[in-house]
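Shown below: coords-v7.cif, with mmCIF, C-alpha atoms.
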data_entry
#
loop_
_atom_site.group_PDB
_atom_site.id
_atom_site.type_symbol
_atom_site.label_atom_id
_atom_site.label_comp_id
_atom_site.auth_asym_id
_atom_site.auth_seq_id
_atom_site.Cartn_x
_atom_site.Cartn_y
_atom_site.Cartn_z
ATOM 1 C CA MET Q 5 24.202 0.067 1.916
ATOM 2 C CA LEU Q 6 23.142 -3.458 1.079
ATOM 3 C CA TYR Q 7 19.946 -4.741 2.668
ATOM 4 C CA SER Q 8 21.782 -7.532 4.510
ATOM 5 C CA GLU Q 9 24.367 -5.140 5.959
ATOM 6 C CA ARG Q 10 21.652 -3.287 7.873
ATOM 7 C CA PHE Q 11 21.166 -6.323 10.125
ATOM 8 C CA ARG Q 12 24.559 -8.049 10.104
ATOM 9 C CA VAL Q 13 26.454 -8.345 13.393
ATOM 10 C CA ALA Q 14 30.228 -8.444 13.020
ATOM 11 C CA PRO Q 15 32.005 -11.459 14.557
ATOM 12 C CA GLY Q 16 33.161 -10.682 18.082
ATOM 13 C CA SER Q 17 30.863 -7.684 18.507
ATOM 14 C CA LYS Q 18 27.706 -7.395 20.568
ATOM 15 C CA PRO Q 19 24.401 -6.859 18.744
ATOM 16 C CA ARG Q 20 22.668 -3.546 19.461
ATOM 17 C CA LEU Q 21 18.988 -4.257 18.919
ATOM 18 C CA SER Q 22 18.137 -0.694 19.933
ATOM 19 C CA ALA Q 23 19.889 0.481 16.748
ATOM 20 C CA ILE Q 24 17.451 -1.465 14.539
ATOM 21 C CA ASP Q 25 14.112 0.119 13.658
ATOM 22 C CA PRO Q 26 11.409 -2.520 14.381
ATOM 23 C CA SER Q 27 9.059 -0.896 11.855
ATOM 24 C CA PHE Q 28 11.581 -1.207 9.002
ATOM 25 C CA ARG Q 29 9.786 -2.208 5.777
ATOM 26 C CA ASP Q 30 12.306 -1.439 3.031
ATOM 27 C CA LYS Q 31 10.590 -1.852 -0.336
ATOM 28 C CA HIS Q 32 7.658 -4.023 0.809
ATOM 29 C CA GLU Q 33 4.622 -1.835 1.218
ATOM 30 C CA SER Q 34 2.156 -4.692 0.753
ATOM 31 C CA LYS Q 35 1.743 -8.114 2.292
ATOM 32 C CA GLU Q 36 1.775 -9.756 -1.153
ATOM 33 C CA SER Q 37 5.105 -8.178 -2.057
ATOM 34 C CA ALA Q 38 6.646 -9.329 1.211
ATOM 35 C CA GLU Q 39 5.235 -12.871 0.897
ATOM 36 C CA LYS Q 40 6.807 -13.288 -2.537
ATOM 37 C CA ALA Q 41 10.183 -12.142 -1.224
ATOM 38 C CA ILE Q 42 9.861 -14.437 1.811
ATOM 39 C CA ALA Q 43 9.208 -17.434 -0.446
ATOM 40 C CA GLU Q 44 12.217 -16.611 -2.630
ATOM 41 C CA ASN Q 45 14.455 -16.019 0.381
ATOM 42 C CA GLY Q 46 13.274 -19.262 1.984
ATOM 43 C CA ARG Q 47 14.252 -21.201 -1.118
ATOM 44 C CA ARG Q 48 17.679 -19.581 -1.129
ATOM 45 C CA MET Q 49 18.154 -20.228 2.598
ATOM 46 C CA ARG Q 50 17.388 -23.923 2.088
ATOM 47 C CA GLU Q 51 20.062 -24.093 -0.607
ATOM 48 C CA LEU Q 52 22.610 -22.333 1.588
ATOM 49 C CA GLN Q 53 21.692 -24.424 4.646
ATOM 50 C CA TYR Q 54 22.433 -27.569 2.691
ATOM 51 C CA LEU Q 55 25.849 -26.205 1.712
ATOM 52 C CA LEU Q 56 26.620 -25.308 5.335
ATOM 53 C CA TYR Q 57 25.552 -28.782 6.457
ATOM 54 C CA ALA Q 58 27.682 -30.442 3.795
ATOM 55 C CA GLU Q 59 30.722 -28.362 4.736
ATOM 56 C CA ASP Q 60 30.321 -29.196 8.471
ATOM 57 C CA ARG Q 61 32.587 -26.309 9.570
ATOM 58 C CA ARG Q 62 30.415 -23.228 10.156
ATOM 59 C CA SER Q 63 27.125 -22.272 11.735
ATOM 60 C CA VAL Q 64 24.569 -19.479 11.509
ATOM 61 C CA LEU Q 65 22.381 -17.990 14.224
ATOM 62 C CA ILE Q 66 19.141 -16.415 13.024
ATOM 63 C CA ILE Q 67 17.036 -14.465 15.498
ATOM 64 C CA LEU Q 68 13.366 -13.911 14.680
ATOM 65 C CA GLN Q 69 11.038 -11.670 16.631
ATOM 66 C CA ALA Q 70 7.280 -11.790 16.327
ATOM 67 C CA LEU Q 71 5.345 -8.570 15.776
ATOM 68 C CA ASP Q 72 3.727 -9.022 19.184
ATOM 69 C CA ALA Q 73 7.183 -9.535 20.774
ATOM 70 C CA GLY Q 74 6.181 -13.151 21.428
#

Would you mind writing the file's structure down as structure tokens?
Amino acid sequence: MLYSERFRVAPGSKPRLSAIDPSFRDKHESKESAEKAIAENGRRMRELQYLLYAEDRRSVLIILQALDAG
């Protein structure tokens, strides 16, 4: 299963947050490893956001949850 498929919600379906393990770490066992991946993913998200903006037809909802549930 692809990493992104673990968290994808199909159009028209309801998200089941109880089915997602909040302690999921995948391959990042260290903070440094995760920070590098976050920086790379942020760059890619900026590129994709620009394409979505330019297309002016679709939208994306991203839900973030803090570790302290804040």

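The list of residues within 12 Å of (4.4, -6.6, 14.2), counted using all atoms listed in the file, is Q:Asp25, Q:Pro26, Q:Ser27, Q:Phe28, Q:Arg29, Q:Leu68, Q:Gln69, Q:Ala70, Q:Leu71, Q:Asp72, Q:Ala73, Q:Gly74.
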
Hey, what comes out of the PyMOL selection byres ((chain Q and resi 21) around 12) on this file? Could you write it as a PyMOL selection string?
-> chain Q and resi 10-13+18-20+22-26+67-69

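CA of Ser8 (chain Q) lies 13.7 Å from CA of Ala41 (chain Q).
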
Mind giving me the axis-aligned box for region 14-32 of chain Q with 5 Å on every side, centre plus edges in Å to one decimal, as lines of an AutoDock Vina configuration file?
center_x = 20.4
center_y = -5.5
center_z = 10.1
size_x = 35.5
size_y = 21.9
size_z = 30.9

In Å and to one decimal, CA of Glu51 (chain Q) is distant from CA of Ser63 (chain Q) by 14.3 Å

Measure the distance from CA of Met49 (chain Q) to CA of Ser34 (chain Q) in Å and round it to one decimal.
-> 22.4 Å

Restore N, CA and C atoms in region 38-73 of chain Q and list the result as a short mmCIF file (atom, residue, chain, number, x, y, z; two decimals), keeping the file's coordinate frame.
data_model
loop_
_atom_site.label_atom_id
_atom_site.label_comp_id
_atom_site.auth_asym_id
_atom_site.auth_seq_id
_atom_site.Cartn_x
_atom_site.Cartn_y
_atom_site.Cartn_z
N ALA Q 38 5.79 -8.72 0.19
CA ALA Q 38 6.65 -9.33 1.21
C ALA Q 38 6.57 -10.85 1.16
N GLU Q 39 5.38 -11.41 0.94
CA GLU Q 39 5.24 -12.87 0.90
C GLU Q 39 6.02 -13.47 -0.26
N LYS Q 40 6.04 -12.80 -1.39
CA LYS Q 40 6.81 -13.29 -2.54
C LYS Q 40 8.30 -13.29 -2.20
N ALA Q 41 8.77 -12.23 -1.60
CA ALA Q 41 10.18 -12.14 -1.22
C ALA Q 41 10.53 -13.19 -0.17
N ILE Q 42 9.63 -13.43 0.77
CA ILE Q 42 9.86 -14.44 1.81
C ILE Q 42 9.99 -15.82 1.19
N ALA Q 43 9.13 -16.13 0.23
CA ALA Q 43 9.21 -17.43 -0.45
C ALA Q 43 10.53 -17.59 -1.19
N GLU Q 44 10.95 -16.55 -1.90
CA GLU Q 44 12.22 -16.61 -2.63
C GLU Q 44 13.40 -16.73 -1.67
N ASN Q 45 13.37 -15.95 -0.60
CA ASN Q 45 14.46 -16.02 0.38
C ASN Q 45 14.49 -17.36 1.10
N GLY Q 46 13.33 -17.94 1.36
CA GLY Q 46 13.27 -19.26 1.98
C GLY Q 46 13.91 -20.32 1.11
N ARG Q 47 13.63 -20.26 -0.18
CA ARG Q 47 14.25 -21.20 -1.12
C ARG Q 47 15.77 -21.06 -1.10
N ARG Q 48 16.23 -19.83 -1.13
CA ARG Q 48 17.68 -19.58 -1.13
C ARG Q 48 18.31 -20.02 0.19
N MET Q 49 17.63 -19.80 1.30
CA MET Q 49 18.15 -20.23 2.60
C MET Q 49 18.26 -21.74 2.68
N ARG Q 50 17.30 -22.46 2.09
CA ARG Q 50 17.39 -23.92 2.09
C ARG Q 50 18.61 -24.39 1.31
N GLU Q 51 18.87 -23.74 0.18
CA GLU Q 51 20.06 -24.09 -0.61
C GLU Q 51 21.34 -23.84 0.19
N LEU Q 52 21.41 -22.68 0.82
CA LEU Q 52 22.61 -22.33 1.59
C LEU Q 52 22.76 -23.20 2.83
N GLN Q 53 21.63 -23.56 3.47
CA GLN Q 53 21.69 -24.42 4.65
C GLN Q 53 22.27 -25.77 4.28
N TYR Q 54 21.90 -26.29 3.13
CA TYR Q 54 22.43 -27.57 2.69
C TYR Q 54 23.95 -27.48 2.50
N LEU Q 55 24.41 -26.38 1.91
CA LEU Q 55 25.85 -26.20 1.71
C LEU Q 55 26.59 -26.10 3.05
N LEU Q 56 26.01 -25.39 4.01
CA LEU Q 56 26.62 -25.31 5.34
C LEU Q 56 26.67 -26.68 5.99
N TYR Q 57 25.60 -27.44 5.88
CA TYR Q 57 25.55 -28.78 6.46
C TYR Q 57 26.61 -29.67 5.82
N ALA Q 58 26.72 -29.60 4.51
CA ALA Q 58 27.68 -30.44 3.80
C ALA Q 58 29.12 -30.07 4.16
N GLU Q 59 29.37 -28.80 4.38
CA GLU Q 59 30.72 -28.36 4.74
C GLU Q 59 31.09 -28.79 6.16
N ASP Q 60 30.14 -28.77 7.08
CA ASP Q 60 30.32 -29.20 8.47
C ASP Q 60 31.44 -28.43 9.18
N ARG Q 61 31.54 -27.11 8.93
CA ARG Q 61 32.59 -26.31 9.57
C ARG Q 61 32.05 -25.00 10.16
N ARG Q 62 30.92 -24.53 9.73
CA ARG Q 62 30.42 -23.23 10.16
C ARG Q 62 28.98 -23.35 10.66
N SER Q 63 28.51 -22.29 11.28
CA SER Q 63 27.12 -22.27 11.74
C SER Q 63 26.57 -20.86 11.58
N VAL Q 64 25.26 -20.76 11.65
CA VAL Q 64 24.57 -19.48 11.51
C VAL Q 64 23.51 -19.39 12.60
N LEU Q 65 23.42 -18.24 13.23
CA LEU Q 65 22.38 -17.99 14.22
C LEU Q 65 21.43 -16.96 13.64
N ILE Q 66 20.17 -17.32 13.54
CA ILE Q 66 19.14 -16.42 13.02
C ILE Q 66 18.17 -16.13 14.16
N ILE Q 67 17.94 -14.86 14.43
CA ILE Q 67 17.04 -14.46 15.50
C ILE Q 67 15.79 -13.86 14.86
N LEU Q 68 14.64 -14.42 15.19
CA LEU Q 68 13.37 -13.91 14.68
C LEU Q 68 12.56 -13.36 15.84
N GLN Q 69 11.89 -12.25 15.61
CA GLN Q 69 11.04 -11.67 16.63
C GLN Q 69 9.65 -11.47 16.05
N ALA Q 70 8.66 -11.94 16.77
CA ALA Q 70 7.28 -11.79 16.33
C ALA Q 70 6.84 -10.34 16.47
N LEU Q 71 5.85 -9.94 15.70
CA LEU Q 71 5.34 -8.57 15.78
C LEU Q 71 4.79 -8.24 17.16
N ASP Q 72 4.28 -9.25 17.85
CA ASP Q 72 3.73 -9.02 19.18
C ASP Q 72 4.78 -9.24 20.27
N ALA Q 73 6.04 -9.32 19.86
CA ALA Q 73 7.18 -9.54 20.77
C ALA Q 73 7.07 -10.88 21.47
#
